file my_file08.csv (CSV, C-alpha atoms)
chain,number,residue,atom,x,y,z
A,1,MET,CA,-243.8,8.3,-16.0
A,2,MET,CA,-247.3,7.1,-16.8
A,3,SER,CA,-247.1,4.1,-14.5
A,4,ILE,CA,-245.6,5.9,-11.5
A,5,SER,CA,-247.8,7.6,-9.0
A,6,PRO,CA,-246.5,11.1,-8.4
A,7,PHE,CA,-248.1,11.1,-4.9
A,8,SER,CA,-246.0,8.1,-3.8
A,9,ALA,CA,-242.8,9.9,-4.6
A,10,LEU,CA,-244.0,13.1,-3.0
A,11,ALA,CA,-244.9,11.1,0.2
A,12,GLU,CA,-241.2,10.4,0.6
A,13,SER,CA,-240.5,14.1,1.4
A,14,ILE,CA,-243.9,15.2,2.7
A,15,SER,CA,-246.1,13.5,5.3
A,16,PRO,CA,-248.9,11.5,3.7
A,17,SER,CA,-251.4,13.0,6.2
A,18,VAL,CA,-250.5,16.5,4.8
A,19,ILE,CA,-251.3,15.4,1.3
A,20,GLN,CA,-254.6,13.7,2.5
A,21,GLY,CA,-255.4,16.8,4.5
A,22,PHE,CA,-255.0,18.9,1.4
A,23,VAL,CA,-257.4,16.7,-0.6
A,24,LEU,CA,-259.9,16.9,2.2
A,25,ALA,CA,-259.5,20.7,2.4
A,26,MET,CA,-260.2,20.9,-1.4
A,27,LEU,CA,-263.4,18.9,-0.9
A,28,ALA,CA,-264.4,21.2,2.0
A,29,LEU,CA,-263.8,24.2,-0.3
A,30,ILE,CA,-266.1,22.7,-2.9
A,31,VAL,CA,-268.9,22.2,-0.4
A,32,ILE,CA,-268.5,25.7,1.2
A,33,GLY,CA,-268.3,27.4,-2.2
A,34,THR,CA,-271.3,25.6,-3.5
A,35,VAL,CA,-273.4,26.3,-0.4
A,36,VAL,CA,-272.5,30.0,-0.2
A,37,GLN,CA,-273.2,30.3,-4.0
A,38,MET,CA,-276.6,28.6,-3.4
A,39,ILE,CA,-277.5,31.0,-0.6
A,40,HIS,CA,-276.3,34.1,-2.5
A,41,HIS,CA,-277.5,33.3,-6.0
A,42,LYS,CA,-280.7,31.6,-4.8
A,43,ASN,CA,-280.3,28.9,-7.4
A,44,VAL,CA,-282.1,26.2,-5.3
A,45,THR,CA,-285.0,28.6,-4.6
A,46,TYR,CA,-285.3,29.2,-8.4
A,47,PHE,CA,-285.4,25.4,-9.0
A,48,PHE,CA,-288.1,24.9,-6.4
A,49,ASN,CA,-290.2,27.8,-7.6
A,50,ASN,CA,-289.8,26.5,-11.2
A,51,ALA,CA,-290.9,23.0,-10.0
A,52,LYS,CA,-294.0,24.5,-8.3
A,53,LYS,CA,-294.9,26.4,-11.5
A,54,ALA,CA,-294.4,23.3,-13.6
A,55,LYS,CA,-296.7,21.3,-11.2
A,56,LEU,CA,-299.4,23.8,-11.5
A,57,ALA,CA,-299.2,23.8,-15.3
A,58,ALA,CA,-298.9,20.0,-15.6
A,59,GLU,CA,-301.4,18.3,-17.9
A,60,ARG,CA,-301.0,15.0,-16.2
A,61,GLU,CA,-299.4,13.7,-13.0
A,62,LEU,CA,-296.4,11.4,-13.4
A,63,GLY,CA,-296.1,8.2,-11.4
A,64,VAL,CA,-293.0,7.2,-9.5
A,65,GLY,CA,-292.1,4.7,-12.3
A,66,GLU,CA,-292.5,7.3,-15.0
A,67,LYS,CA,-290.4,9.9,-13.1
A,68,THR,CA,-287.7,7.3,-12.5
A,69,SER,CA,-287.6,6.4,-16.1
A,70,VAL,CA,-287.4,10.1,-17.2
A,71,ILE,CA,-284.6,10.7,-14.7
A,72,LEU,CA,-282.7,7.6,-15.8
A,73,LYS,CA,-283.0,8.6,-19.4
A,74,THR,CA,-281.8,12.1,-18.6
A,75,VAL,CA,-278.8,10.7,-16.7
A,76,VAL,CA,-277.8,8.4,-19.6
A,77,HIS,CA,-278.6,10.8,-22.5
A,78,ASP,CA,-278.4,14.4,-21.2
A,79,ILE,CA,-275.9,14.1,-18.4
A,80,ALA,CA,-273.5,11.3,-19.3
A,81,THR,CA,-273.1,12.4,-23.0
A,82,THR,CA,-274.0,16.1,-22.6
A,83,ALA,CA,-276.7,15.8,-25.3
A,84,GLU,CA,-277.7,19.5,-25.0
A,85,LEU,CA,-274.6,20.5,-26.8
A,86,GLY,CA,-275.9,18.7,-29.9
A,87,ALA,CA,-273.8,16.6,-32.3
A,88,GLY,CA,-270.6,18.5,-32.9
A,89,LYS,CA,-267.0,19.3,-31.8
A,90,ARG,CA,-268.2,21.1,-28.7
A,91,ARG,CA,-269.9,18.0,-27.4
A,92,ILE,CA,-266.9,15.8,-28.1
A,93,ALA,CA,-264.5,18.3,-26.4
A,94,HIS,CA,-266.9,18.5,-23.4
A,95,VAL,CA,-267.3,14.8,-23.0
A,96,MET,CA,-263.5,14.3,-23.3
A,97,GLY,CA,-262.8,17.0,-20.7
A,98,MET,CA,-265.6,15.8,-18.4
A,99,TYR,CA,-264.5,12.1,-18.3
A,100,GLY,CA,-260.9,13.1,-18.2
A,101,THR,CA,-261.5,15.3,-15.2
A,102,ILE,CA,-263.6,12.6,-13.4
A,103,LEU,CA,-260.8,10.0,-14.0
A,104,PHE,CA,-258.1,12.5,-12.9
A,105,TRP,CA,-260.0,13.3,-9.7
A,106,VAL,CA,-261.0,9.8,-8.8
A,107,ALA,CA,-257.5,8.5,-9.5
A,108,SER,CA,-256.1,11.3,-7.3
A,109,VAL,CA,-258.3,10.3,-4.4
A,110,VAL,CA,-257.5,6.6,-4.8
A,111,LEU,CA,-253.8,7.2,-5.1
A,112,VAL,CA,-253.7,9.7,-2.2
A,113,PHE,CA,-255.9,7.7,0.3
A,114,GLY,CA,-255.2,4.2,-0.9
A,115,TYR,CA,-251.5,4.0,-1.8
A,116,THR,CA,-249.7,7.0,-0.2
A,117,GLY,CA,-247.9,6.2,3.0
A,118,THR,CA,-249.4,2.7,3.3
A,119,GLY,CA,-246.3,0.9,2.2
A,120,THR,CA,-248.2,-0.6,-0.6
A,121,ALA,CA,-247.2,0.3,-4.2
A,122,ALA,CA,-250.1,1.5,-6.3
A,123,PRO,CA,-251.0,-1.0,-9.1
A,124,THR,CA,-250.0,0.4,-12.5
A,125,VAL,CA,-253.5,1.0,-13.5
A,126,TRP,CA,-254.2,3.9,-11.1
A,127,PRO,CA,-251.3,6.1,-12.1
A,128,MET,CA,-252.2,5.3,-15.8
A,129,ILE,CA,-255.8,6.4,-15.2
A,130,TRP,CA,-254.5,9.6,-13.4
A,131,HIS,CA,-252.2,10.5,-16.4
A,132,VAL,CA,-254.8,9.5,-19.1
A,133,GLY,CA,-257.4,11.6,-17.2
A,134,ALA,CA,-255.1,14.6,-17.1
A,135,ILE,CA,-254.3,14.2,-20.8
A,136,MET,CA,-257.9,13.9,-21.8
A,137,THR,CA,-258.7,17.0,-19.7
A,138,CYS,CA,-256.0,18.9,-21.5
A,139,VAL,CA,-257.1,17.8,-25.0
A,140,GLY,CA,-260.8,18.6,-24.5
A,141,GLY,CA,-260.1,21.7,-22.5
A,142,TYR,CA,-257.5,23.3,-24.8
A,143,TRP,CA,-259.6,22.4,-27.8
A,144,PHE,CA,-262.6,24.2,-26.3
A,145,TRP,CA,-260.7,27.1,-24.9
A,146,LEU,CA,-258.6,27.8,-28.0
A,147,PHE,CA,-261.1,27.0,-30.8
A,148,LEU,CA,-264.6,26.2,-29.7
A,149,ARG,CA,-265.4,28.9,-27.1
A,150,VAL,CA,-268.4,31.0,-28.1
A,151,ASP,CA,-266.3,34.1,-27.5
A,152,VAL,CA,-264.0,33.0,-30.3
A,153,LEU,CA,-266.6,31.4,-32.6
A,154,ALA,CA,-269.6,33.7,-32.4
A,155,GLU,CA,-268.3,36.8,-30.8
A,156,ALA,CA,-265.1,36.9,-32.8
A,157,HIS,CA,-262.9,37.7,-29.8
A,158,PRO,CA,-259.2,36.6,-30.0
A,159,TRP,CA,-258.4,33.4,-28.1
A,160,TYR,CA,-256.1,35.1,-25.7
A,161,ARG,CA,-258.9,37.4,-24.3
A,162,ILE,CA,-259.5,36.2,-20.8
A,163,ILE,CA,-262.7,36.9,-18.9
A,164,LYS,CA,-264.1,35.9,-15.6
A,165,ALA,CA,-266.1,33.0,-17.1
A,166,ASP,CA,-262.7,31.5,-18.0
A,167,LEU,CA,-261.8,31.1,-14.3
A,168,PHE,CA,-263.1,27.5,-14.1
A,169,VAL,CA,-261.8,26.2,-17.4
A,170,LEU,CA,-258.4,27.8,-17.1
A,171,ALA,CA,-257.9,26.7,-13.5
A,172,LEU,CA,-258.9,23.2,-14.5
A,173,LEU,CA,-256.4,23.2,-17.4
A,174,ALA,CA,-253.7,24.6,-15.2
A,175,CYS,CA,-254.3,21.7,-12.7
A,176,ALA,CA,-254.1,19.1,-15.4
A,177,THR,CA,-251.1,20.7,-17.2
A,178,THR,CA,-249.0,21.4,-14.2
A,179,GLY,CA,-249.9,18.0,-12.7
A,180,LEU,CA,-248.6,16.3,-15.8
A,181,ALA,CA,-245.5,18.5,-15.9
A,182,TRP,CA,-244.8,17.9,-12.1
A,183,SER,CA,-245.2,14.1,-12.7
A,184,TYR,CA,-242.9,14.2,-15.7
A,185,PHE,CA,-240.1,16.2,-14.0
A,186,GLN,CA,-240.4,14.4,-10.7
A,187,SER,CA,-240.1,11.0,-12.4
A,188,SER,CA,-237.2,12.1,-14.7
A,189,GLY,CA,-235.2,13.3,-11.7
A,190,SER,CA,-235.4,17.1,-12.3
A,191,THR,CA,-235.9,18.0,-8.7
A,192,GLY,CA,-236.0,21.8,-9.3
A,193,LEU,CA,-238.5,21.8,-12.1
A,194,GLY,CA,-240.5,19.1,-10.2
A,195,TYR,CA,-240.9,21.3,-7.2
A,196,LEU,CA,-241.7,24.3,-9.4
A,197,PHE,CA,-244.6,22.5,-11.1
A,198,LEU,CA,-245.7,21.0,-7.7
A,199,VAL,CA,-246.1,24.5,-6.4
A,200,LEU,CA,-247.9,25.5,-9.5
A,201,PHE,CA,-250.1,22.4,-9.3
A,202,ILE,CA,-251.0,23.3,-5.7
A,203,THR,CA,-251.7,26.9,-6.6
A,204,SER,CA,-254.0,26.0,-9.5
A,205,ASN,CA,-255.9,23.5,-7.3
A,206,LEU,CA,-256.4,26.3,-4.7
A,207,VAL,CA,-257.7,28.6,-7.4
A,208,LEU,CA,-259.9,25.9,-8.9
A,209,PHE,CA,-261.5,24.7,-5.7
A,210,GLY,CA,-261.2,28.0,-3.8
A,211,GLY,CA,-262.9,29.8,-6.6
A,212,VAL,CA,-266.1,27.7,-6.7
A,213,TYR,CA,-268.2,30.7,-5.6
A,214,TRP,CA,-266.9,32.9,-8.4
A,215,SER,CA,-266.4,30.4,-11.1
A,216,LYS,CA,-268.6,28.1,-13.2
A,217,PHE,CA,-267.6,25.1,-11.1
A,218,ALA,CA,-271.1,24.5,-9.8
A,219,HIS,CA,-272.4,23.9,-13.3
A,220,MET,CA,-271.6,20.3,-12.6
A,221,ILE,CA,-274.4,20.3,-10.0
A,222,TYR,CA,-276.9,22.7,-11.6
A,223,LYS,CA,-276.8,21.6,-15.2
A,224,PRO,CA,-277.9,18.0,-14.4
A,225,GLY,CA,-280.7,19.4,-12.2
A,226,ALA,CA,-281.9,21.7,-15.0
A,227,ALA,CA,-281.8,18.8,-17.5
A,228,ILE,CA,-283.9,16.6,-15.2
A,229,GLN,CA,-286.4,19.4,-14.6
A,230,LYS,CA,-286.7,20.1,-18.3
A,231,ASN,CA,-287.4,16.5,-19.2
A,232,LEU,CA,-289.9,16.1,-16.4
A,233,ALA,CA,-291.7,19.2,-17.7
A,234,GLU,CA,-291.8,17.7,-21.2
A,235,ALA,CA,-293.2,14.5,-19.8
A,236,ASP,CA,-295.9,16.0,-17.6
A,237,GLY,CA,-297.1,18.3,-20.4
A,238,SER,CA,-296.2,21.6,-18.6
A,239,ARG,CA,-293.2,22.0,-21.0
A,240,ASP,CA,-292.2,25.5,-19.5
A,241,ASN,CA,-295.2,26.8,-21.6
A,242,LEU,CA,-293.6,25.6,-24.8
A,243,PRO,CA,-295.8,24.2,-27.5
A,244,PRO,CA,-296.0,20.5,-28.0
A,245,LEU,CA,-294.0,18.8,-30.8
A,246,ALA,CA,-295.6,19.5,-34.1
A,247,ASP,CA,-297.5,16.9,-36.0
A,248,ALA,CA,-296.5,18.4,-39.4
A,249,PRO,CA,-298.7,18.1,-42.4
A,250,LYS,CA,-296.9,16.8,-45.5
A,251,GLN,CA,-297.2,20.1,-47.4
A,252,PHE,CA,-295.0,21.8,-44.9
A,253,GLY,CA,-292.0,20.3,-46.7
A,254,LEU,CA,-288.5,19.9,-45.6
A,255,GLY,CA,-287.0,21.9,-42.9
A,256,ILE,CA,-284.2,24.4,-43.5
A,257,LYS,CA,-281.1,23.7,-41.6
A,258,ARG,CA,-279.4,27.0,-40.8
A,259,GLU,CA,-275.7,27.6,-40.6
A,260,GLN,CA,-273.8,27.1,-37.4
A,261,PRO,CA,-272.5,30.3,-36.0
A,262,LYS,CA,-268.9,29.8,-37.1
A,263,HIS,CA,-268.4,32.7,-39.4
A,264,TYR,CA,-265.2,34.1,-38.1
B,265,MET,CA,-290.5,44.5,-24.6
B,266,SER,CA,-287.4,42.4,-25.1
B,267,THR,CA,-285.9,39.0,-25.0
B,268,PHE,CA,-284.5,37.5,-21.9
B,269,VAL,CA,-282.6,34.3,-21.3
B,270,TYR,CA,-283.3,31.4,-18.9
B,271,MET,CA,-279.8,30.9,-17.4
B,272,THR,CA,-280.4,27.2,-16.5
B,273,ARG,CA,-281.4,26.4,-20.1
B,274,CYS,CA,-278.7,28.4,-22.0
B,275,ASP,CA,-275.5,26.6,-22.8
B,276,GLY,CA,-273.7,29.5,-24.4
B,277,CYS,CA,-273.7,28.1,-28.0
B,278,GLY,CA,-273.8,31.5,-29.6
B,279,HIS,CA,-276.6,30.8,-32.1
B,280,CYS,CA,-278.6,33.9,-30.9
B,281,VAL,CA,-275.5,36.1,-31.1
B,282,ASP,CA,-275.1,35.0,-34.7
B,283,ILE,CA,-278.6,35.5,-35.8
B,284,CYS,CA,-279.7,38.7,-33.9
B,285,PRO,CA,-280.3,41.4,-36.6
B,286,SER,CA,-279.7,44.2,-34.0
B,287,ASP,CA,-276.5,42.6,-32.7
B,288,ILE,CA,-277.7,42.9,-29.2
B,289,MET,CA,-277.6,39.3,-28.1
B,290,HIS,CA,-274.1,38.7,-26.6
B,291,ILE,CA,-272.3,36.4,-24.3
B,292,ASP,CA,-272.0,37.5,-20.7
B,293,GLU,CA,-268.4,37.8,-19.5
B,294,ASN,CA,-269.1,36.4,-16.0
B,295,ILE,CA,-271.0,33.2,-16.7
B,296,ARG,CA,-270.6,32.7,-20.5
B,297,ARG,CA,-274.4,32.6,-21.2
B,298,ALA,CA,-276.4,34.7,-23.6
B,299,VAL,CA,-277.7,38.1,-22.6
B,300,ASN,CA,-279.6,40.9,-24.3
B,301,ILE,CA,-277.2,43.8,-23.8
B,302,GLU,CA,-279.6,46.5,-25.0
B,303,PRO,CA,-283.3,45.5,-24.3
B,304,ASN,CA,-284.6,48.9,-25.6
B,305,PHE,CA,-283.2,48.0,-29.1
B,306,CYS,CA,-285.0,44.7,-29.3
B,307,TRP,CA,-287.8,44.7,-31.7
B,308,GLU,CA,-289.1,41.2,-30.8
B,309,CYS,CA,-288.4,39.6,-34.1
B,310,TYR,CA,-288.1,36.3,-32.4
B,311,SER,CA,-285.1,35.3,-34.5
B,312,CYS,CA,-283.0,34.3,-31.4
B,313,VAL,CA,-286.0,32.6,-29.8
B,314,LYS,CA,-286.5,30.4,-32.8
B,315,ALA,CA,-282.7,29.8,-33.3
B,316,CYS,CA,-282.1,28.7,-29.7
B,317,PRO,CA,-281.6,24.9,-29.7
B,318,ASN,CA,-282.4,24.8,-25.9
B,319,HIS,CA,-285.5,27.0,-25.9
B,320,ALA,CA,-283.6,29.2,-23.4
B,321,ILE,CA,-284.9,32.5,-24.7
B,322,ASP,CA,-288.2,34.0,-24.0
B,323,VAL,CA,-289.8,37.4,-24.7
B,324,ARG,CA,-291.6,39.9,-22.4
B,325,GLY,CA,-294.3,41.3,-24.7
B,326,TYR,CA,-295.5,44.9,-24.5
B,327,ALA,CA,-298.3,45.3,-22.0
B,328,ASP,CA,-300.7,46.9,-24.4
B,329,PHE,CA,-301.3,43.7,-26.4
B,330,ALA,CA,-299.9,41.1,-24.0
B,331,PRO,CA,-301.0,41.8,-20.4
B,332,MET,CA,-298.8,40.6,-17.6
B,333,GLY,CA,-299.1,36.9,-16.8
B,334,HIS,CA,-299.2,35.9,-20.5
B,335,SER,CA,-296.7,33.7,-22.3
B,336,VAL,CA,-295.9,33.4,-26.0
B,337,ARG,CA,-293.4,30.6,-26.7
B,338,VAL,CA,-292.2,29.0,-29.9
B,339,ARG,CA,-290.6,25.8,-30.9
B,340,ARG,CA,-288.7,25.5,-34.2
B,341,GLU,CA,-288.4,21.9,-35.6
B,342,GLU,CA,-286.1,22.2,-38.5
B,343,GLU,CA,-286.3,18.5,-39.5
B,344,LYS,CA,-290.1,18.8,-39.8
B,345,GLY,CA,-290.1,22.3,-41.3
B,346,THR,CA,-292.4,23.6,-38.6
B,347,ILE,CA,-292.7,26.5,-36.2
B,348,SER,CA,-295.1,25.9,-33.3
B,349,TRP,CA,-296.5,28.6,-31.1
B,350,LYS,CA,-298.2,28.4,-27.8
B,351,ILE,CA,-300.0,31.5,-26.6
B,352,LYS,CA,-301.1,31.4,-23.0
B,353,PHE,CA,-303.4,34.1,-21.7
B,354,ARG,CA,-303.4,35.2,-18.1
B,355,ASN,CA,-306.8,33.7,-17.5
B,356,GLY,CA,-305.3,30.3,-18.4
B,357,THR,CA,-306.7,30.1,-21.9
B,358,THR,CA,-304.2,28.5,-24.3
B,359,LYS,CA,-303.9,28.5,-28.1
B,360,ASP,CA,-301.6,26.4,-30.2
B,361,PHE,CA,-300.6,27.1,-33.7
B,362,VAL,CA,-298.3,25.3,-36.2
B,363,SER,CA,-296.8,27.1,-39.2
B,364,PRO,CA,-294.4,26.1,-41.9
B,365,ILE,CA,-290.8,27.4,-41.9
B,366,THR,CA,-290.8,29.8,-44.8
B,367,THR,CA,-287.1,30.6,-44.7
B,368,LYS,CA,-285.4,30.0,-48.1
B,369,PRO,CA,-282.8,27.3,-48.2
B,370,TRP,CA,-279.4,28.4,-47.1
B,371,GLY,CA,-277.1,29.1,-50.1
B,372,LYS,CA,-279.9,29.5,-52.6
B,373,PHE,CA,-281.2,33.0,-51.9
B,374,ILE,CA,-279.5,33.5,-48.6
B,375,PRO,CA,-275.7,33.8,-48.9
B,376,LYS,CA,-273.7,31.2,-47.1
B,377,LEU,CA,-271.9,33.5,-44.7
B,378,ALA,CA,-269.4,30.8,-43.8
B,379,GLU,CA,-268.1,30.8,-47.4
B,380,GLY,CA,-268.0,34.6,-47.6
B,381,GLU,CA,-265.0,36.8,-47.1
B,382,LYS,CA,-263.9,36.9,-43.5
B,383,PRO,CA,-264.3,40.3,-41.8
B,384,ASN,CA,-261.2,41.8,-40.3
B,385,GLN,CA,-260.9,42.7,-36.7
B,386,GLY,CA,-261.7,46.4,-37.4
B,387,GLU,CA,-264.9,45.5,-39.2
B,388,ILE,CA,-265.9,43.1,-36.4
B,389,ASN,CA,-265.3,45.8,-33.8
B,390,SER,CA,-267.2,48.4,-35.8
B,391,GLN,CA,-270.7,49.5,-35.0
B,392,MET,CA,-271.7,48.7,-38.6
B,393,LEU,CA,-273.7,45.5,-39.2
B,394,TYR,CA,-272.9,42.9,-41.8
B,395,THR,CA,-272.8,44.4,-45.4
B,396,GLU,CA,-273.3,47.9,-44.0
B,397,PRO,CA,-273.0,50.5,-45.4
B,398,ASN,CA,-273.0,49.0,-49.0
B,399,GLY,CA,-275.9,46.7,-48.1
B,400,LEU,CA,-278.0,49.7,-47.3
B,401,ASN,CA,-277.7,50.9,-50.9
B,402,ILE,CA,-277.6,54.6,-50.0
B,403,ASP,CA,-274.2,55.6,-51.5
B,404,GLY,CA,-273.0,57.2,-48.4
B,405,LYS,CA,-276.0,59.5,-47.9
B,406,LEU,CA,-279.6,59.3,-47.1
B,407,PRO,CA,-281.9,58.2,-49.9
B,408,SER,CA,-283.7,61.0,-51.8
B,409,VAL,CA,-286.1,61.3,-54.7
B,410,PRO,CA,-285.0,63.9,-57.3
B,411,LYS,CA,-287.8,66.3,-58.2
B,412,ASP,CA,-287.5,65.7,-61.9
B,413,THR,CA,-288.5,62.1,-61.4
B,414,PHE,CA,-291.8,63.2,-59.8
B,415,LYS,CA,-295.0,62.3,-61.6
B,416,LYS,CA,-297.0,65.2,-62.9
B,417,GLY,CA,-300.0,65.9,-60.8
B,418,VAL,CA,-301.0,67.3,-57.5
B,419,TYR,CA,-298.7,67.0,-54.6
B,420,TYR,CA,-299.6,67.7,-51.0
call {"tool": "encode", "arguments": {"input": "my_file08.csv", "output": "C-alpha cells"}}
result
Amino acid sequence: MMSISPFSALAESISPSVIQGFVLAMLALIVIGTVVQMIHHKNVTYFFNNAKKAKLAAERELGVGEKTSVILKTVVHDIATTAELGAGKRRIAHVMGMYGTILFWVASVVLVFGYTGTGTAAPTVWPMIWHVGAIMTCVGGYWFWLFLRVDVLAEAHPWYRIIKADLFVLALLACATTGLAWSYFQSSGSTGLGYLFLVLFITSNLVLFGGVYWSKFAHMIYKPGAAIQKNLAEADGSRDNLPPLADAPKQFGLGIKREQPKHY
Amino acid sequence: MSTFVYMTRCDGCGHCVDICPSDIMHIDENIRRAVNIEPNFCWECYSCVKACPNHAIDVRGYADFAPMGHSVRVRREEEKGTISWKIKFRNGTTKDFVSPITTKPWGKFIPKLAEGEKPNQGEINSQMLYTEPNGLNIDGKLPSVPKDTFKKGVYY
C-alpha cells in the first residue's frame, strides 16, 4: 500500500484531467477564500497599519542586510520550527502535523500532475512520502485534538466538544485519515470500501479548502507574517511598546517558573 | 478598563485562562484565541499580561489616570527573575522600570495545583472559583464580629 500511488489506480477509472482539475479547483478555493477573508477581516490593513506604527516608534532604522537577516532567522526559528509554541508537546505535535501536511500536499500534486495518466509509473518514493505525510498529519493532529487542545487542557472541556475553531483541524484530519483508508482499501481490492473512502476523501477536501474563509486555514499565511513583524519590531527598537529585555541586577535572584496550565 | 488580546500574537496556549483570578479570560470558540469574556469584571491585575508568553495581552487603562494614547506594557522574564515595565505617555515621554519577580516558588507556599485533587465536571462548570467556598473561610455565611468580642470603649 505504501509504495502504490492511489491516484494512478484511480486514473484507470476516472480521467486524469478530472483529477488534475479537482486539484486546481482546490488551489483556486484557497486563493478565493484567503482573498475574501483578507477583504472582510481587513487582516492586511491591520498588518500595514501596525507596520506604520512600528516605523514611527522605531528607535533606529534597519538596513536591508539587517532586515534580511531578521527575516531569515524568523523563517528558520519561528516559522520552520514554530518556536512561539515553546518547548513542549504542543510544538512537537504542531511540527509533526505541519511537515506531514506539507509532504502530503506536495506528494499529492507531484503524483497527480507528474505520474497520473502519463503512462509513467511513479517512483516508490513519492507514494511513500504521500503516505508518511498523511500518517504524520494524523499523529500530530489527533494528538493535538484529543489531548493538547487548549479547550481540553485549560478550559476543561471534554475532547468530543466540537466548536467552529475545529473546522480546519478536523477537516485536515478527515482528509489524511480518509485518504489513508481509501489508499488501503483500494490497494487491497475492496472496491466498495475504496469508493466509500474516496467519496469521503473528496468531501473532506471540499470542506477543508472550501471552508478557508470560515476556518483557521489562513493562519499558515498570517502567522509567519506576524512573526516577521514581531521580530522586526524587536530589532528596530519599537517592540510594540514593550520594554527592552531586562539587564537584571544579581540581587534579583532566580526566576520563578510557574506551572503550565494543565490542571485538568 | 480591561485586558484585550492582539489576535496576531496569541497562539491560544491557555496560560491566561489558567491564571485569571476572575475567570474571565477564555478561549474564543471561532478562532481559538484568548478573549476577555467580561471586561467589566477585569480589575487590571495584570496576571494574564505577565503570564502570556507571546506578549499578546494588553490593557486599556482607565482614562482618569491614563489618558488616551498611553501605553503600559510589561515583559516578564522568568529566567532572570525580572518584570520590566514600559510606560509611554501620550506626549511621547517614556519611562522604563525593572522590578524583581516577588512570587514565591511554586510548591513552597503556593500549592502545586497539578498535584492537587482533580475537580469533577460539576465543579468545573460551577460559578465557584478554585477552593471556593471553603477557601473564603466564611462557613457558609458572611463574616460577622460577635458583640461580646468587641473591645470596651467608645463606638461610633
call {"tool": "closest_residue", "arguments": {"input": "my_file08.csv", "among": "B:Asp282, B:Glu308, B:Glu387, B:Asp403", "to": "chain A", "atoms": "all atoms listed in the file"}}
result
B:Asp282
call {"tool": "interface_residues", "arguments": {"input": "my_file08.csv", "of": "chain B", "to": "chain A", "cutoff": "6 Å", "atoms": "all atoms listed in the file", "output": "list of chain:residue names"}}
result
B:Thr272, B:Gly278, B:His279, B:Asp282, B:Glu293, B:Asn294, B:Ile295, B:Arg296, B:Arg337, B:Glu342, B:Glu343, B:Lys344, B:Gly345, B:Trp349, B:Lys350, B:Pro364, B:Pro369, B:Ala378
call {"tool": "atom_distance", "arguments": {"input": "my_file08.csv", "atom1": "CA of Met136 (chain A)", "atom2": "CA of Val95 (chain A)"}}
result
9.5 Å
call {"tool": "closest_residue", "arguments": {"input": "my_file08.csv", "among": "B:His319, B:Lys416, B:Arg354, B:Lys405", "to": "Met332 (chain B)", "atoms": "only C-alpha atoms"}}
result
B:Arg354
call {"tool": "residues_around", "arguments": {"input": "my_file08.csv", "residues": "Leu206 (chain A)", "least_positions_apart": "6", "cutoff": "9 Å", "atoms": "all atoms listed in the file", "output": "PyMOL selection string"}}
result
chain A and resi 26+29+171
